[in-house]
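The next block holds one structure in the form of structure tokens; read it before the comments.
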Amino acid sequence: MKHTDDYRDQELDLILFAGQSNMSGRGEAASAVTCDAAAGYEYKAVTNPGGLVPVREPFGLGEDREGGIWDYDSDGRSKRTGSMVSAAVQAYYSRTGRRIVGVSASVGGSDTVQWKQTYVADAVERLDRAKAFLTESGCRVKEIFVVWCQGESDGDARRSAEDYAANTREIFGQFKAHGARVCFLVQTGHYNYVDFPGITDGLTGRQWDMHYETIRSAQARLCRTDDDFVLAGSFEPCLHQMKDRYHYNQEAYNMVGNKVGTIMADYVTENLPSCR
């Protein structure tokens, strides 16, 4: 793994990329956006806590620990195959000239209850380790953000909009207590009722998508009514770019990631005078 030391004594923005499988990414790394060398870095809190590496896909590869955030299949292979992160980092850098240090904290199949009970503690620890490392390296952490892409498993659990919103606020509250300014939320897409219209666990594909719509609506309302949340992208338009019931091809991840990076860039230039 190639290390780089040219980050020292720089001003950087720290971003935790958290959520479930569509944050981990189930795309194709070979078709992912390739970041400029100067665009940003990944801090690998699990496998390389003493340095930074360039952002490359699959982002977060190997960043798993048993008993916490763990995204491997039953054969011991990583499920992280290509994500939106590189596209988001590139778009943000292109529009702001600001470098990102990204930290992976996502796990497939995780709902908000599991996040409150188990995963948020692991994610917060990763965020804290990144902050400490950057400070010790002489870096100035300008802003701390969370990009949150999660919700399909809450749809599967038939969670109410009210419970989903309350859980998500509680989860971000813990990130906020550790320095995060805002949560850039990526809206959940569809249950793939086009390719999977039949009955699964008693419901048709369309009926399952109604539960996903409950989550999508809760996410949109959360971003309209709570200043801690900004709607930064959505998989809702990507129904025909789905590769299975829940996941997308790399084209969709690239498109959504570009939107996320653009919205983040707009936010820092419009809302944070020191970043103009």
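Residues are referred to by chain and number: the chain letter is A, B, ... according to the order shown in the structure tokens, the number counts from 1 in that chain, and ligands are numbered separately from 1 in the order shown.
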
I'd like the neighbourhood of A:Val89 as an mmCIF file with all heavy atoms, in the first residue's frame, where a residue qualifies if any of its atoms comes within 7 Å (using only C-alpha atoms), though same-chain residues fewer than 2 positions away should be ignored.
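Saved result, result_11.cif, follows:
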data_model
loop_
_atom_site.group_PDB
_atom_site.id
_atom_site.type_symbol
_atom_site.label_atom_id
_atom_site.label_comp_id
_atom_site.auth_asym_id
_atom_site.auth_seq_id
_atom_site.Cartn_x
_atom_site.Cartn_y
_atom_site.Cartn_z
ATOM 1 N N ALA A 39 -6.583 15.441 -4.413
ATOM 2 C CA ALA A 39 -7.967 15.647 -3.994
ATOM 3 C C ALA A 39 -8.235 15.233 -2.554
ATOM 4 O O ALA A 39 -9.057 15.844 -1.870
ATOM 5 C CB ALA A 39 -8.914 14.903 -4.928
ATOM 6 N N GLY A 40 -7.579 14.170 -2.094
ATOM 7 C CA GLY A 40 -7.867 13.743 -0.740
ATOM 8 C C GLY A 40 -7.216 12.430 -0.387
ATOM 9 O O GLY A 40 -6.504 11.830 -1.198
ATOM 10 N N VAL A 85 -17.682 7.215 -2.934
ATOM 11 C CA VAL A 85 -16.798 8.113 -2.195
ATOM 12 C C VAL A 85 -15.803 8.821 -3.103
ATOM 13 O O VAL A 85 -15.593 10.033 -2.987
ATOM 14 C CB VAL A 85 -16.082 7.351 -1.067
ATOM 15 C CG1 VAL A 85 -15.039 8.245 -0.391
ATOM 16 C CG2 VAL A 85 -17.096 6.857 -0.039
ATOM 17 N N SER A 86 -15.167 8.107 -4.013
ATOM 18 C CA SER A 86 -14.165 8.755 -4.865
ATOM 19 C C SER A 86 -14.800 9.865 -5.702
ATOM 20 O O SER A 86 -14.193 10.933 -5.901
ATOM 21 C CB SER A 86 -13.458 7.733 -5.753
ATOM 22 O OG SER A 86 -14.381 7.040 -6.568
ATOM 23 N N ALA A 87 -16.008 9.648 -6.197
ATOM 24 C CA ALA A 87 -16.699 10.681 -6.970
ATOM 25 C C ALA A 87 -17.012 11.888 -6.102
ATOM 26 O O ALA A 87 -16.887 13.043 -6.549
ATOM 27 C CB ALA A 87 -17.981 10.114 -7.578
ATOM 28 N N ALA A 91 -15.409 15.658 -6.740
ATOM 29 C CA ALA A 91 -16.298 16.793 -6.996
ATOM 30 C C ALA A 91 -16.087 17.897 -5.974
ATOM 31 O O ALA A 91 -16.072 19.089 -6.313
ATOM 32 C CB ALA A 91 -17.752 16.327 -6.980
ATOM 33 N N TYR A 92 -15.911 17.530 -4.726
ATOM 34 C CA TYR A 92 -15.696 18.510 -3.667
ATOM 35 C C TYR A 92 -14.394 19.278 -3.897
ATOM 36 O O TYR A 92 -14.357 20.511 -3.815
ATOM 37 C CB TYR A 92 -15.658 17.783 -2.323
ATOM 38 C CG TYR A 92 -15.558 18.668 -1.104
ATOM 39 C CD1 TYR A 92 -16.675 19.342 -0.622
ATOM 40 C CD2 TYR A 92 -14.361 18.805 -0.402
ATOM 41 C CE1 TYR A 92 -16.602 20.135 0.509
ATOM 42 C CE2 TYR A 92 -14.272 19.593 0.734
ATOM 43 C CZ TYR A 92 -15.397 20.252 1.180
ATOM 44 O OH TYR A 92 -15.314 21.039 2.311
ATOM 45 N N TYR A 93 -13.338 18.557 -4.200
ATOM 46 C CA TYR A 93 -12.039 19.190 -4.436
ATOM 47 C C TYR A 93 -12.085 20.081 -5.678
ATOM 48 O O TYR A 93 -11.544 21.198 -5.681
ATOM 49 C CB TYR A 93 -10.962 18.123 -4.584
ATOM 50 C CG TYR A 93 -9.595 18.675 -4.908
ATOM 51 C CD1 TYR A 93 -8.835 19.328 -3.944
ATOM 52 C CD2 TYR A 93 -9.066 18.549 -6.198
ATOM 53 C CE1 TYR A 93 -7.583 19.848 -4.250
ATOM 54 C CE2 TYR A 93 -7.819 19.062 -6.508
ATOM 55 C CZ TYR A 93 -7.084 19.711 -5.526
ATOM 56 O OH TYR A 93 -5.853 20.221 -5.841
ATOM 57 N N ILE A 100 -9.935 16.469 1.300
ATOM 58 C CA ILE A 100 -10.715 15.676 2.253
ATOM 59 C C ILE A 100 -9.844 14.556 2.803
ATOM 60 O O ILE A 100 -9.057 13.949 2.078
ATOM 61 C CB ILE A 100 -11.951 15.077 1.550
ATOM 62 C CG1 ILE A 100 -13.052 16.124 1.393
ATOM 63 C CG2 ILE A 100 -12.495 13.853 2.306
ATOM 64 C CD1 ILE A 100 -14.235 15.643 0.574
ATOM 65 N N GLY A 261 -20.655 15.434 -3.530
ATOM 66 C CA GLY A 261 -19.525 16.343 -3.471
ATOM 67 C C GLY A 261 -19.896 17.760 -3.854
ATOM 68 O O GLY A 261 -19.394 18.735 -3.264
#

Find the spatial neighbours of A:Trp208, counting only C-alpha atoms, within a cut-off of 10 Å - ignore same-chain residues fewer than 6 positions away - and output them as a list in words.
Gly155, Asp156, Arg158, His190, Tyr191, Asn192, Tyr193, Pro197, Ile199, Thr200, Asp201 and Gly202 of chain A

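Within stretch 98-176 of chain A, the backbone-based DSSP assignment of strand (DSSP E) covers A:Ile100, A:Val101, A:Gly102, A:Val103, A:Ser104, A:Ala105, A:Ser106, A:Arg140, A:Val141, A:Lys142, A:Glu143, A:Ile144, A:Phe145, A:Val146, A:Val147, A:Trp148, A:Cys149.
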
Between stretch 91-165 of chain A and stretch 18-28 of chain A, at 9 Å or less, what are the per-residue closest atom pairs and their distances in Å? Count only C-alpha atoms, order by chain and rising residue number, and return it as CSV.
residue,atom,partner,partner_atom,distance
A:Val103,CA,A:Ala18,CA,8.4
A:Ser104,CA,A:Ala18,CA,6.5
A:Ala105,CA,A:Ala18,CA,4.6
A:Ser106,CA,A:Gly19,CA,4.6
A:Val107,CA,A:Gln20,CA,4.6
A:Gly108,CA,A:Ser21,CA,3.9
A:Gly109,CA,A:Gln20,CA,6.1
A:Ser110,CA,A:Gln20,CA,5.7
A:Asp111,CA,A:Gln20,CA,7.9
A:Trp115,CA,A:Gly19,CA,8.6
A:Ala123,CA,A:Ala18,CA,7.6
A:Val146,CA,A:Ala18,CA,7.0
A:Val147,CA,A:Ala18,CA,6.1
A:Trp148,CA,A:Ala18,CA,5.1
A:Cys149,CA,A:Gly19,CA,4.8
A:Gln150,CA,A:Gly19,CA,4.7
A:Gly151,CA,A:Gln20,CA,7.7
A:Glu152,CA,A:Gln20,CA,8.2
A:Ser153,CA,A:Gln20,CA,8.4

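If you measure from each of A:Ser160, A:Gln187, A:Ser234, A:Thr47 to A:His211 using only C-alpha atoms, the closest one turns out to be A:Ser160.
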
Could you list, with a cut-off of 10 Å and counting only C-alpha atoms, the residues of stretch 80-100 of chain A near stretch 237-251 of chain A, each shown with its nearest atom pair and the distance in Å rounded to one decimal, rows sorted by chain and ascending number, as CSV?
residue,atom,partner,partner_atom,distance
A:Thr81,CA,A:Gln250,CA,9.4
A:Gly82,CA,A:Gln250,CA,6.8
A:Ser83,CA,A:Gln250,CA,7.2
A:Met84,CA,A:Gln250,CA,8.0

Saved selection, atoms kept: all heavy atoms, as a JSON list (two decimals), in the first residue's frame:
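Heads up, here's the output in selection_26.json:
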[["chain", "number", "residue", "atom", "x", "y", "z"],
["A", 81, "THR", "N", -16.85, -3.22, -3.02],
["A", 81, "THR", "CA", -16.36, -3.45, -4.38],
["A", 81, "THR", "C", -16.29, -2.19, -5.22],
["A", 81, "THR", "O", -15.73, -2.22, -6.33],
["A", 81, "THR", "CB", -17.25, -4.48, -5.10],
["A", 81, "THR", "OG1", -18.62, -4.02, -5.08],
["A", 81, "THR", "CG2", -17.15, -5.85, -4.42],
["A", 82, "GLY", "N", -16.81, -1.09, -4.76],
["A", 82, "GLY", "CA", -16.81, 0.15, -5.52],
["A", 82, "GLY", "C", -17.92, 1.05, -5.02],
["A", 82, "GLY", "O", -19.08, 0.65, -5.00],
["A", 83, "SER", "N", -17.57, 2.29, -4.60],
["A", 83, "SER", "CA", -18.54, 3.14, -3.91],
["A", 83, "SER", "C", -18.67, 4.51, -4.56],
["A", 83, "SER", "O", -18.06, 4.80, -5.60],
["A", 83, "SER", "CB", -18.11, 3.31, -2.45],
["A", 83, "SER", "OG", -17.03, 4.25, -2.35],
["A", 84, "MET", "N", -19.45, 5.37, -3.93],
["A", 84, "MET", "CA", -19.64, 6.75, -4.35],
["A", 84, "MET", "C", -18.54, 7.68, -3.85],
["A", 84, "MET", "O", -18.47, 8.84, -4.25],
["A", 84, "MET", "CB", -20.99, 7.27, -3.84],
["A", 84, "MET", "CG", -21.02, 7.53, -2.33],
["A", 84, "MET", "SD", -22.58, 8.22, -1.77],
["A", 84, "MET", "CE", -23.52, 6.71, -1.56]]

Identify, on the basis of only C-alpha atoms, every residue whose closest approach to A:Leu185 does not exceed 8 Å; exclude the query and any residue fewer than 3 positions from it along the same chain; express the result as an MDAnalysis selection string.
chainID A and resid 147:149 219 223 229:233

Considering only C-alpha atoms, state which residue in the set A:Ala265, A:Ala165, A:Val53, A:Ala180 is at the smallest distance from A:Leu127.
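Under the stated criterion, the closest residue is A:Ala180.
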
May I ask which of the residues A:Gln90, A:Thr168, A:Thr188, A:Ser74 is the closest one to A:Arg56, counting only C-alpha atoms?
A:Gln90

Would you mind listing what lies within 8 Å of A:Phe145 as a list in words, with only C-alpha atoms counted and same-chain residues fewer than 5 positions away left out?
Asp13, Leu14, Ile15, Leu16, Ala180, Arg181, Val182, Cys183 and Phe184 of chain A

Going by DSSP on the backbone, which residues of stretch 19-237 of chain A come out as helix (DSSP H, G or I)? List them as a CSV table (one decimal) with N, CA and C atoms, in the first residue's frame.
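In the end it all went to part-v9.csv:
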chain,number,residue,atom,x,y,z
A,21,SER,N,-25.0,-0.7,3.1
A,21,SER,CA,-24.3,-1.3,2.0
A,21,SER,C,-24.1,-0.3,0.8
A,22,ASN,N,-25.0,0.6,0.6
A,22,ASN,CA,-24.9,1.5,-0.5
A,22,ASN,C,-23.9,2.6,-0.2
A,23,MET,N,-23.4,2.7,1.0
A,23,MET,CA,-22.3,3.5,1.3
A,23,MET,C,-21.0,2.7,1.2
A,24,SER,N,-21.0,1.5,1.7
A,24,SER,CA,-19.8,0.6,1.4
A,24,SER,C,-19.6,0.5,0.0
A,29,ALA,N,-15.1,-1.3,-9.0
A,29,ALA,CA,-14.0,-0.3,-8.8
A,29,ALA,C,-13.4,0.2,-10.0
A,30,ALA,N,-13.3,-0.7,-11.0
A,30,ALA,CA,-12.6,-0.4,-12.3
A,30,ALA,C,-13.3,0.7,-13.0
A,31,SER,N,-14.6,0.9,-12.8
A,31,SER,CA,-15.4,1.9,-13.4
A,31,SER,C,-15.6,3.2,-12.6
A,85,VAL,N,-17.7,7.2,-2.9
A,85,VAL,CA,-16.8,8.1,-2.2
A,85,VAL,C,-15.8,8.8,-3.1
A,86,SER,N,-15.2,8.1,-4.0
A,86,SER,CA,-14.2,8.8,-4.9
A,86,SER,C,-14.8,9.9,-5.7
A,87,ALA,N,-16.0,9.6,-6.2
A,87,ALA,CA,-16.7,10.7,-7.0
A,87,ALA,C,-17.0,11.9,-6.1
A,88,ALA,N,-17.4,11.7,-4.9
A,88,ALA,CA,-17.7,12.8,-3.9
A,88,ALA,C,-16.5,13.6,-3.6
A,89,VAL,N,-15.4,12.9,-3.3
A,89,VAL,CA,-14.1,13.6,-3.0
A,89,VAL,C,-13.6,14.4,-4.2
A,90,GLN,N,-13.7,13.8,-5.4
A,90,GLN,CA,-13.2,14.6,-6.6
A,90,GLN,C,-14.1,15.8,-6.8
A,91,ALA,N,-15.4,15.7,-6.7
A,91,ALA,CA,-16.3,16.8,-7.0
A,91,ALA,C,-16.1,17.9,-6.0
A,92,TYR,N,-15.9,17.5,-4.7
A,92,TYR,CA,-15.7,18.5,-3.7
A,92,TYR,C,-14.4,19.3,-3.9
A,93,TYR,N,-13.3,18.6,-4.2
A,93,TYR,CA,-12.0,19.2,-4.4
A,93,TYR,C,-12.1,20.1,-5.7
A,94,SER,N,-12.7,19.6,-6.7
A,94,SER,CA,-12.8,20.4,-8.0
A,94,SER,C,-13.5,21.7,-7.8
A,95,ARG,N,-14.4,21.8,-6.9
A,95,ARG,CA,-15.2,23.0,-6.7
A,95,ARG,C,-14.7,23.9,-5.5
A,96,THR,N,-13.9,23.3,-4.6
A,96,THR,CA,-13.5,24.1,-3.5
A,96,THR,C,-11.9,24.2,-3.4
A,112,THR,N,-31.1,1.3,11.9
A,112,THR,CA,-30.8,2.4,12.9
A,112,THR,C,-30.7,1.9,14.3
A,113,VAL,N,-31.5,0.8,14.6
A,113,VAL,CA,-31.4,0.3,16.0
A,113,VAL,C,-30.1,-0.4,16.2
A,114,GLN,N,-29.6,-1.1,15.2
A,114,GLN,CA,-28.3,-1.7,15.3
A,114,GLN,C,-27.2,-0.6,15.4
A,115,TRP,N,-27.4,0.4,14.6
A,115,TRP,CA,-26.4,1.5,14.7
A,115,TRP,C,-26.4,2.1,16.1
A,116,LYS,N,-27.5,2.3,16.7
A,116,LYS,CA,-27.5,2.9,18.1
A,116,LYS,C,-26.9,1.9,19.1
A,117,GLN,N,-27.1,0.6,18.9
A,117,GLN,CA,-26.7,-0.4,19.9
A,117,GLN,C,-25.2,-0.7,19.7
A,118,THR,N,-24.7,-0.7,18.5
A,118,THR,CA,-23.4,-1.3,18.2
A,118,THR,C,-22.5,-0.4,17.4
A,119,TYR,N,-22.9,0.0,16.2
A,119,TYR,CA,-22.0,0.5,15.2
A,119,TYR,C,-21.6,2.0,15.5
A,120,VAL,N,-22.5,2.8,16.1
A,120,VAL,CA,-22.1,4.2,16.2
A,120,VAL,C,-20.9,4.3,17.2
A,121,ALA,N,-20.7,3.4,18.1
A,121,ALA,CA,-19.5,3.5,19.0
A,121,ALA,C,-18.3,3.2,18.2
A,122,ASP,N,-18.3,2.3,17.3
A,122,ASP,CA,-17.1,2.0,16.5
A,122,ASP,C,-16.8,3.1,15.6
A,123,ALA,N,-17.9,3.7,15.0
A,123,ALA,CA,-17.7,4.8,14.0
A,123,ALA,C,-17.1,6.1,14.7
A,124,VAL,N,-17.6,6.3,15.9
A,124,VAL,CA,-17.1,7.5,16.7
A,124,VAL,C,-15.6,7.3,17.0
A,125,GLU,N,-15.3,6.1,17.4
A,125,GLU,CA,-13.9,5.8,17.7
A,125,GLU,C,-13.0,6.0,16.5
A,126,ARG,N,-13.4,5.6,15.3
A,126,ARG,CA,-12.7,5.9,14.1
A,126,ARG,C,-12.5,7.4,13.8
A,127,LEU,N,-13.6,8.1,14.0
A,127,LEU,CA,-13.5,9.6,13.9
A,127,LEU,C,-12.5,10.2,14.8
A,128,ASP,N,-12.6,9.8,16.1
A,128,ASP,CA,-11.7,10.3,17.1
A,128,ASP,C,-10.2,10.0,16.8
A,129,ARG,N,-10.0,8.8,16.3
A,129,ARG,CA,-8.6,8.4,16.0
A,129,ARG,C,-8.1,9.2,14.8
A,130,ALA,N,-8.9,9.5,13.8
A,130,ALA,CA,-8.5,10.3,12.7
A,130,ALA,C,-8.2,11.7,13.1
A,131,LYS,N,-9.1,12.3,14.0
A,131,LYS,CA,-8.8,13.6,14.5
A,131,LYS,C,-7.4,13.7,15.2
A,132,ALA,N,-7.2,12.7,16.1
A,132,ALA,CA,-6.0,12.7,16.9
A,132,ALA,C,-4.8,12.5,16.0
A,133,PHE,N,-4.9,11.6,15.0
A,133,PHE,CA,-3.7,11.5,14.1
A,133,PHE,C,-3.4,12.7,13.3
A,134,LEU,N,-4.4,13.4,12.8
A,134,LEU,CA,-4.2,14.6,12.0
A,134,LEU,C,-3.6,15.7,12.9
A,135,THR,N,-4.1,15.8,14.1
A,135,THR,CA,-3.6,16.8,15.0
A,135,THR,C,-2.1,16.6,15.3
A,136,GLU,N,-1.8,15.3,15.6
A,136,GLU,CA,-0.4,14.9,15.9
A,136,GLU,C,0.5,15.1,14.7
A,152,GLU,N,-32.3,1.3,4.0
A,152,GLU,CA,-33.0,0.2,3.4
A,152,GLU,C,-33.4,-0.9,4.4
A,153,SER,N,-32.5,-1.1,5.4
A,153,SER,CA,-32.8,-2.1,6.4
A,153,SER,C,-33.9,-1.7,7.3
A,154,ASP,N,-34.1,-0.4,7.5
A,154,ASP,CA,-35.2,0.1,8.2
A,154,ASP,C,-36.5,0.0,7.5
A,155,GLY,N,-36.4,0.1,6.1
A,155,GLY,CA,-37.6,-0.2,5.3
A,155,GLY,C,-38.0,-1.7,5.4
A,156,ASP,N,-36.9,-2.6,5.4
A,156,ASP,CA,-37.2,-4.0,5.6
A,156,ASP,C,-37.8,-4.3,6.9
A,161,ALA,N,-41.9,6.3,10.0
A,161,ALA,CA,-41.1,7.5,9.7
A,161,ALA,C,-40.7,8.2,10.9
A,162,GLU,N,-41.5,8.2,11.9
A,162,GLU,CA,-41.2,8.9,13.2
A,162,GLU,C,-40.0,8.2,13.9
A,163,ASP,N,-40.1,6.9,14.0
A,163,ASP,CA,-39.0,6.2,14.6
A,163,ASP,C,-37.7,6.3,13.8
A,164,TYR,N,-37.8,6.3,12.5
A,164,TYR,CA,-36.5,6.4,11.7
A,164,TYR,C,-35.9,7.8,12.0
A,165,ALA,N,-36.7,8.8,11.9
A,165,ALA,CA,-36.1,10.2,12.1
A,165,ALA,C,-35.5,10.3,13.5
A,166,ALA,N,-36.2,9.8,14.5
A,166,ALA,CA,-35.7,9.9,15.9
A,166,ALA,C,-34.4,9.2,16.1
A,167,ASN,N,-34.3,8.0,15.5
A,167,ASN,CA,-33.1,7.2,15.6
A,167,ASN,C,-32.0,7.9,14.9
A,168,THR,N,-32.2,8.4,13.7
A,168,THR,CA,-31.2,9.1,12.9
A,168,THR,C,-30.7,10.3,13.6
A,169,ARG,N,-31.6,11.1,14.2
A,169,ARG,CA,-31.2,12.2,15.0
A,169,ARG,C,-30.3,11.8,16.2
A,170,GLU,N,-30.6,10.7,16.8
A,170,GLU,CA,-29.9,10.2,18.0
A,170,GLU,C,-28.5,9.8,17.5
A,171,ILE,N,-28.4,9.1,16.4
A,171,ILE,CA,-27.1,8.6,15.9
A,171,ILE,C,-26.2,9.8,15.6
A,172,PHE,N,-26.8,10.8,14.8
A,172,PHE,CA,-25.9,12.0,14.5
A,172,PHE,C,-25.6,12.8,15.7
A,173,GLY,N,-26.4,12.8,16.7
A,173,GLY,CA,-26.1,13.5,17.9
A,173,GLY,C,-24.8,13.0,18.5
A,174,GLN,N,-24.5,11.7,18.4
A,174,GLN,CA,-23.2,11.2,18.9
A,174,GLN,C,-22.1,11.7,18.1
A,175,PHE,N,-22.3,11.7,16.8
A,175,PHE,CA,-21.2,12.3,15.9
A,175,PHE,C,-21.0,13.8,16.2
A,176,LYS,N,-22.1,14.5,16.4
A,176,LYS,CA,-22.0,15.9,16.6
A,176,LYS,C,-21.3,16.2,17.9
A,177,ALA,N,-21.5,15.3,18.9
A,177,ALA,CA,-20.8,15.5,20.2
A,177,ALA,C,-19.3,15.3,20.0
A,205,GLY,N,-43.0,-6.9,-4.5
A,205,GLY,CA,-42.0,-5.9,-4.6
A,205,GLY,C,-42.5,-4.5,-4.5
A,206,ARG,N,-43.6,-4.2,-5.1
A,206,ARG,CA,-44.3,-2.9,-4.9
A,206,ARG,C,-44.6,-2.6,-3.5
A,207,GLN,N,-45.1,-3.6,-2.7
A,207,GLN,CA,-45.4,-3.4,-1.3
A,207,GLN,C,-44.2,-3.1,-0.5
A,208,TRP,N,-43.1,-3.8,-0.8
A,208,TRP,CA,-41.8,-3.5,-0.1
A,208,TRP,C,-41.4,-2.1,-0.4
A,209,ASP,N,-41.5,-1.7,-1.6
A,209,ASP,CA,-41.1,-0.3,-2.0
A,209,ASP,C,-41.9,0.7,-1.2
A,210,MET,N,-43.1,0.4,-0.9
A,210,MET,CA,-43.9,1.4,-0.1
A,210,MET,C,-43.3,1.6,1.3
A,211,HIS,N,-42.7,0.6,1.8
A,211,HIS,CA,-42.0,0.8,3.1
A,211,HIS,C,-40.7,1.6,2.9
A,212,TYR,N,-40.0,1.4,1.7
A,212,TYR,CA,-38.9,2.2,1.4
A,212,TYR,C,-39.3,3.6,1.2
A,213,GLU,N,-40.5,3.8,0.6
A,213,GLU,CA,-41.0,5.2,0.5
A,213,GLU,C,-41.2,5.9,1.8
A,214,THR,N,-41.6,5.1,2.8
A,214,THR,CA,-41.7,5.7,4.2
A,214,THR,C,-40.4,6.3,4.6
A,215,ILE,N,-39.3,5.5,4.4
A,215,ILE,CA,-38.0,6.0,4.8
A,215,ILE,C,-37.5,7.1,4.0
A,216,ARG,N,-37.7,7.1,2.6
A,216,ARG,CA,-37.4,8.2,1.8
A,216,ARG,C,-38.1,9.5,2.2
A,217,SER,N,-39.3,9.4,2.5
A,217,SER,CA,-40.1,10.6,3.0
A,217,SER,C,-39.6,11.1,4.3
A,218,ALA,N,-39.3,10.2,5.2
A,218,ALA,CA,-38.7,10.6,6.5
A,218,ALA,C,-37.4,11.3,6.3
A,219,GLN,N,-36.6,10.8,5.4
A,219,GLN,CA,-35.3,11.5,5.2
A,219,GLN,C,-35.4,12.9,4.6
A,220,ALA,N,-36.3,13.0,3.6
A,220,ALA,CA,-36.6,14.3,3.0
A,220,ALA,C,-37.1,15.3,4.1
A,221,ARG,N,-38.0,14.9,4.9
A,221,ARG,CA,-38.6,15.8,5.9
A,221,ARG,C,-37.5,16.1,6.9
A,222,LEU,N,-36.7,15.2,7.3
A,222,LEU,CA,-35.6,15.5,8.3
A,222,LEU,C,-34.7,16.6,7.8
A,223,CYS,N,-34.4,16.5,6.5
A,223,CYS,CA,-33.5,17.6,5.9
A,223,CYS,C,-34.2,18.9,5.8
A,224,ARG,N,-35.5,18.9,5.6
A,224,ARG,CA,-36.3,20.2,5.5
A,224,ARG,C,-36.5,20.8,6.9
A,225,THR,N,-36.5,20.0,7.9
A,225,THR,CA,-36.9,20.6,9.2
A,225,THR,C,-35.8,20.7,10.3
A,236,GLU,N,-33.1,7.6,-5.4
A,236,GLU,CA,-34.4,7.4,-5.8
A,236,GLU,C,-34.5,7.4,-7.4
A,237,PRO,N,-33.7,8.2,-8.1
A,237,PRO,CA,-33.9,8.2,-9.6
A,237,PRO,C,-33.2,7.0,-10.2

When distances are computed from only C-alpha atoms, which of A:Gly257, A:Gly62, A:Thr262, A:Val55 shows the smallest separation from A:Asp36?
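Among the listed residues, the smallest separation from A:Asp36 belongs to A:Val55.
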
Distance atom CA of A:Ala38-atom CA of A:Pro54, one decimal place?
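Between atom CA of A:Ala38 and atom CA of A:Pro54 the gap works out to 8.4 Å.
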